[in-house]
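Shown below: work_22.cif, with mmCIF, C-alpha atoms and all ligand atoms.
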```cif
data_model
loop_
_atom_site.label_atom_id
_atom_site.label_comp_id
_atom_site.auth_asym_id
_atom_site.auth_seq_id
_atom_site.Cartn_x
_atom_site.Cartn_y
_atom_site.Cartn_z
CA MET A 15 45.68 144.26 116.72
CA THR A 16 44.08 142.62 113.70
CA ARG A 17 43.41 144.46 110.48
CA GLU A 18 41.37 142.91 107.74
CA PHE A 19 41.92 143.29 104.03
CA ASP A 20 40.27 141.85 100.94
CA LEU A 21 43.59 141.72 99.16
CA ILE A 22 47.22 142.04 100.19
CA ALA A 23 49.70 142.20 97.32
CA ILE A 24 53.38 141.41 97.73
CA GLY A 25 55.49 143.81 95.70
CA THR A 26 54.91 147.29 94.33
CA GLY A 27 55.96 146.67 90.72
CA SER A 28 53.78 146.84 87.64
CA ALA A 29 51.87 143.63 88.43
CA ALA A 30 50.92 144.41 92.03
CA SER A 31 50.31 148.10 91.39
CA GLY A 32 47.88 147.29 88.59
CA VAL A 33 45.92 144.71 90.55
CA THR A 34 45.76 146.73 93.77
CA SER A 35 44.51 149.88 92.07
CA ARG A 36 41.80 147.98 90.18
CA CYS A 37 40.67 146.12 93.29
CA ARG A 38 40.67 149.35 95.28
CA GLU A 39 38.60 151.07 92.58
CA ALA A 40 36.15 148.18 92.87
CA GLY A 41 35.80 148.97 96.57
CA TRP A 42 38.08 146.30 98.01
CA LYS A 43 40.08 146.96 101.14
CA VAL A 44 43.62 146.62 99.89
CA ALA A 45 47.16 146.50 101.30
CA ILE A 46 50.52 146.29 99.56
CA VAL A 47 53.99 145.42 100.87
CA ASP A 48 57.50 145.67 99.51
CA SER A 49 60.89 144.95 101.03
CA ARG A 50 62.63 147.37 98.66
CA PRO A 51 61.88 150.98 97.75
CA PHE A 52 58.42 151.19 96.17
CA GLY A 53 58.20 151.04 92.39
CA GLY A 54 59.42 147.59 91.40
CA THR A 55 62.00 146.46 88.90
CA CYS A 56 60.74 148.15 85.74
CA ALA A 57 60.71 151.71 87.02
CA LEU A 58 63.71 151.50 89.37
CA ARG A 59 66.14 148.92 87.97
CA GLY A 60 64.72 147.55 84.72
CA CYS A 61 62.98 148.97 81.68
CA ASP A 62 63.38 152.71 82.15
CA PRO A 63 66.93 152.95 83.53
CA LYS A 64 68.03 150.24 81.11
CA LYS A 65 66.79 152.29 78.14
CA VAL A 66 68.95 155.23 79.21
CA LEU A 67 72.07 153.12 79.78
CA VAL A 68 71.66 151.06 76.63
CA GLY A 69 70.81 154.22 74.69
CA ALA A 70 74.06 155.87 75.81
CA ALA A 71 76.11 152.78 74.90
CA GLU A 72 74.42 152.57 71.50
CA ALA A 73 75.04 156.25 70.80
CA VAL A 74 78.76 155.83 71.49
CA ASP A 75 78.96 152.56 69.57
CA TRP A 76 77.20 153.97 66.49
CA THR A 77 79.33 157.09 66.51
CA ARG A 78 82.56 155.06 66.79
CA ARG A 79 81.50 152.76 63.98
CA MET A 80 80.68 155.74 61.73
CA LYS A 81 84.01 157.44 62.44
CA GLY A 82 85.71 158.30 59.16
CA LYS A 83 82.46 157.59 57.31
CA GLY A 84 81.03 161.08 57.58
CA ILE A 85 81.02 161.35 61.38
CA HIS A 86 83.73 163.13 63.35
CA ALA A 87 83.58 163.14 67.16
CA ALA A 88 86.79 163.74 69.08
CA GLU A 89 87.12 162.43 72.65
CA LEU A 90 83.91 160.47 72.51
CA GLN A 91 83.30 158.79 75.86
CA ILE A 92 80.67 157.95 78.44
CA ASP A 93 80.80 160.12 81.53
CA TRP A 94 79.54 157.46 83.93
CA PRO A 95 78.85 159.68 86.99
CA GLU A 96 76.93 162.15 84.79
CA LEU A 97 74.97 159.36 83.10
CA MET A 98 74.06 157.87 86.49
CA ARG A 99 73.00 161.30 87.73
CA PHE A 100 70.71 161.58 84.70
CA LYS A 101 69.30 158.10 85.36
CA ARG A 102 68.67 158.98 89.01
CA SER A 103 66.91 162.20 87.95
CA PHE A 104 63.90 160.09 87.03
CA THR A 105 64.31 156.98 89.20
CA GLU A 106 64.82 158.73 92.54
CA SER A 107 61.36 160.25 92.73
CA VAL A 108 59.55 157.00 91.92
CA ALA A 109 59.37 155.48 95.43
CA LYS A 110 57.93 158.59 97.09
CA ARG A 111 55.50 159.19 94.23
CA ARG A 112 54.33 155.57 94.38
CA GLU A 113 53.88 155.80 98.15
CA ASP A 114 51.83 159.00 97.75
CA ASP A 115 49.71 157.37 95.04
CA PHE A 116 48.93 154.41 97.31
CA ALA A 117 47.96 156.75 100.15
CA LYS A 118 45.78 158.85 97.84
CA ALA A 119 44.05 155.72 96.55
CA GLY A 120 43.43 154.48 100.09
CA ILE A 121 45.77 151.49 99.74
CA ALA A 122 47.56 150.60 102.98
CA ALA A 123 51.26 150.36 102.14
CA PHE A 124 53.88 148.56 104.24
CA HIS A 125 57.65 148.29 104.04
CA GLY A 126 59.28 144.95 104.80
CA ARG A 127 59.71 141.40 103.59
CA ALA A 128 56.56 139.28 103.61
CA ARG A 129 56.72 135.53 103.84
CA PHE A 130 54.04 132.85 103.68
CA ALA A 131 53.45 131.12 106.99
CA GLY A 132 50.60 129.06 105.56
CA PRO A 133 48.49 128.77 102.41
CA THR A 134 46.60 131.98 103.15
CA THR A 135 48.84 133.53 105.75
CA LEU A 136 51.77 135.84 105.49
CA GLY A 137 53.92 135.61 108.59
CA LYS A 138 56.34 137.88 110.33
CA PRO A 139 59.73 137.66 108.66
CA SER A 140 62.84 136.96 110.61
CA GLU A 141 65.13 139.23 108.64
CA ALA A 142 63.15 142.45 108.59
CA LYS A 143 61.21 144.38 111.15
CA LEU A 144 57.70 144.89 109.94
CA PRO A 145 54.97 147.16 111.23
CA TRP A 146 52.71 144.18 111.74
CA HIS A 147 52.91 140.74 113.30
CA SER A 148 51.22 138.57 110.76
CA VAL A 149 49.05 138.81 107.71
CA GLY A 150 46.28 136.48 106.66
CA CYS A 151 45.59 137.11 103.05
CA LEU A 152 45.15 136.63 99.36
CA HIS A 153 41.47 135.82 99.20
CA GLY A 154 38.98 138.22 97.70
CA PRO A 155 35.97 139.63 99.58
CA ALA A 156 33.87 136.64 98.62
CA ALA A 157 36.24 134.45 100.61
CA GLY A 158 36.02 136.84 103.54
CA CYS A 159 39.68 136.38 104.39
CA CYS A 160 42.78 138.56 104.65
CA ARG A 161 43.74 139.48 108.15
CA LEU A 162 46.64 141.60 109.22
CA GLN A 163 47.32 141.11 112.90
C1 LIG A 201 67.45 145.06 83.40
C2 LIG A 201 65.99 144.82 83.06
C3 LIG A 201 65.43 145.46 81.97
C4 LIG A 201 64.10 145.24 81.65
N1 LIG A 201 63.56 145.89 80.56
C5 LIG A 201 62.27 145.70 80.22
C6 LIG A 201 61.69 146.38 79.11
O1 LIG A 201 62.35 147.16 78.42
N2 LIG A 201 60.39 146.16 78.82
C7 LIG A 201 59.63 145.30 79.57
O2 LIG A 201 58.45 145.12 79.26
N3 LIG A 201 60.14 144.66 80.65
C8 LIG A 201 61.43 144.83 80.99
N4 LIG A 201 61.96 144.18 82.07
C9 LIG A 201 61.10 143.29 82.83
C10 LIG A 201 60.23 144.06 83.79
O3 LIG A 201 61.05 144.86 84.65
C11 LIG A 201 59.43 143.05 84.60
O4 LIG A 201 58.68 142.27 83.72
C12 LIG A 201 58.49 143.74 85.56
O5 LIG A 201 59.20 144.61 86.41
C13 LIG A 201 57.77 142.68 86.38
O6 LIG A 201 56.91 143.35 87.25
P1 LIG A 201 56.41 142.68 88.58
O7 LIG A 201 55.48 143.66 89.22
O8 LIG A 201 55.91 141.32 88.28
O9 LIG A 201 57.72 142.46 89.47
P2 LIG A 201 58.76 143.53 90.02
O10 LIG A 201 58.64 144.86 89.33
O11 LIG A 201 60.08 142.84 90.00
O12 LIG A 201 58.28 143.76 91.50
C14 LIG A 201 58.38 142.77 92.48
C15 LIG A 201 58.53 143.48 93.79
O13 LIG A 201 58.23 142.56 94.83
C16 LIG A 201 59.06 142.80 95.90
N5 LIG A 201 59.13 141.57 96.69
C17 LIG A 201 59.49 140.35 96.25
N6 LIG A 201 59.37 139.46 97.24
C18 LIG A 201 58.91 140.13 98.32
C19 LIG A 201 58.59 139.75 99.66
N7 LIG A 201 58.68 138.49 100.08
N8 LIG A 201 58.14 140.72 100.52
C20 LIG A 201 58.05 141.99 100.12
N9 LIG A 201 58.34 142.40 98.87
C21 LIG A 201 58.77 141.47 97.97
C22 LIG A 201 60.39 143.21 95.28
O14 LIG A 201 61.16 144.00 96.18
C23 LIG A 201 59.92 144.00 94.06
O15 LIG A 201 59.88 145.41 94.32
C24 LIG A 201 63.29 144.38 82.44
C25 LIG A 201 63.86 143.77 83.57
C26 LIG A 201 65.19 143.98 83.88
C27 LIG A 201 65.77 143.30 85.10
#
```
Could you render the structure as structure tokens?
Ligand SMILES: Cc1cc2nc3c(=O)[nH]c(=O)nc-3n(C[C@H](O)[C@H](O)[C@H](O)COP(=O)(O)OP(=O)(O)OC[C@H]3O[C@@H](n4cnc5c(N)ncnc54)[C@H](O)[C@@H]3O)c2cc1C
Amino acid sequence: MTREFDLIAIGTGSAASGVTSRCREAGWKVAIVDSRPFGGTCALRGCDPKKVLVGAAEAVDWTRRMKGKGIHAAELQIDWPELMRFKRSFTESVAKRREDDFAKAGIAAFHGRARFAGPTTLGKPSEAKLPWHSVGCLHGPAAGCCRLQ
């Protein structure tokens, strides 16, 4: 079976999500693929979680450094399991929400590792089972390309 797309983006992070939604809004037939849970580095492993973890470390560091200078905090420590639970409270929902957003926008979303088999072709990977056999891609509508077989 061959499916045709105007654009297939590899990755579901900030870059791919932005470009796919704009192209979709412009009427393009769009697909997106990611080998990891949807959402990309920033939302799942980068910016947002980092701010929480760094923020906690800074809070402890500042408090320790101000000890005896007007700040008193006995038994100050990071409760790592609790901190990670807090972090997960906003990272865990990202993948499902992103998947729902793609579906709502009419973007075909696939899980698996994509790999280039040629200049305009994404081929079936050896290390992951994908729901397709091969993908011809990365040309806009004007180029009339992008097949997913
Ligand atoms: C610890 C950390 C903290 C950060 N903090 C900040 C910050 O505070 N502010 C800021 O602006 N930026 C920050 N960044 C940088 C920011 O996360 C990146 O700039 C941003 O995520 C890049 O987005 P992207 O969409 O290009 O790539 P990514 O979000 O990395 O997405 C790429 C996606 O592509 C997928 N992928 C890759 N290859 C394939 C393949 N062959 N097949 C299928 N899927 C594939 C990956 O699984 C991944 O999900 C931070 C990064 C890290 C690591």
Surrounding residues as an mmCIF file with C-alpha atoms, in the coordinates of the input, ligand LIG 201 (chain A), max 7 Å, all atoms listed in the file:
```
data_model
loop_
_atom_site.group_PDB
_atom_site.id
_atom_site.type_symbol
_atom_site.label_atom_id
_atom_site.label_comp_id
_atom_site.auth_asym_id
_atom_site.auth_seq_id
_atom_site.Cartn_x
_atom_site.Cartn_y
_atom_site.Cartn_z
ATOM 1 C CA ILE A 24 53.380 141.410 97.730
ATOM 2 C CA GLY A 25 55.490 143.810 95.700
ATOM 3 C CA THR A 26 54.910 147.290 94.330
ATOM 4 C CA GLY A 27 55.960 146.670 90.720
ATOM 5 C CA SER A 28 53.780 146.840 87.640
ATOM 6 C CA ALA A 29 51.870 143.630 88.430
ATOM 7 C CA ALA A 30 50.920 144.410 92.030
ATOM 8 C CA VAL A 47 53.990 145.420 100.870
ATOM 9 C CA ASP A 48 57.500 145.670 99.510
ATOM 10 C CA SER A 49 60.890 144.950 101.030
ATOM 11 C CA ARG A 50 62.630 147.370 98.660
ATOM 12 C CA PRO A 51 61.880 150.980 97.750
ATOM 13 C CA PHE A 52 58.420 151.190 96.170
ATOM 14 C CA GLY A 53 58.200 151.040 92.390
ATOM 15 C CA GLY A 54 59.420 147.590 91.400
ATOM 16 C CA THR A 55 62.000 146.460 88.900
ATOM 17 C CA CYS A 56 60.740 148.150 85.740
ATOM 18 C CA ARG A 59 66.140 148.920 87.970
ATOM 19 C CA GLY A 60 64.720 147.550 84.720
ATOM 20 C CA CYS A 61 62.980 148.970 81.680
ATOM 21 C CA ASP A 62 63.380 152.710 82.150
ATOM 22 C CA LYS A 64 68.030 150.240 81.110
ATOM 23 C CA LYS A 65 66.790 152.290 78.140
ATOM 24 C CA GLY A 126 59.280 144.950 104.800
ATOM 25 C CA ARG A 127 59.710 141.400 103.590
ATOM 26 C CA ALA A 128 56.560 139.280 103.610
ATOM 27 C CA ARG A 129 56.720 135.530 103.840
#
```
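A straight line drawn from CA of Glu96 in chain A to CA of Leu58 in chain A is 17.6 Å long.
Going from CA of Val44 in chain A over to CA of Leu21 in chain A, you cover 5.0 Å.
CA of Lys110 in chain A is positioned 14.2 Å from CA of Ser31 in chain A.
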Exercise. Would you kindly return, as a ChimeraX atom specification, each protein, DNA or RNA residue with an atom no farther than 12 Å from any atom of Met98 in chain A, considering all atoms listed in the file and excluding same-chain residues fewer than 3 positions away?
Key: /A:63-64,66-67,70,92-95,101-106
Exercise on range 125-130 of chain A, axis-aligned box with 8 Å per side, report centre and edge lengths in Å to one decimal, as lines of an AutoDock Vina configuration file:
```
center_x = 56.9
center_y = 140.6
center_z = 104.2
size_x = 21.7
size_y = 31.4
size_z = 17.2
```
Quiz item: Counting only C-alpha atoms, what is within 10 Å of Glu39 in chain A, bar same-chain residues fewer than 6 positions away, as an NGL selection string?
Solution: :A and (33 or 119-120)
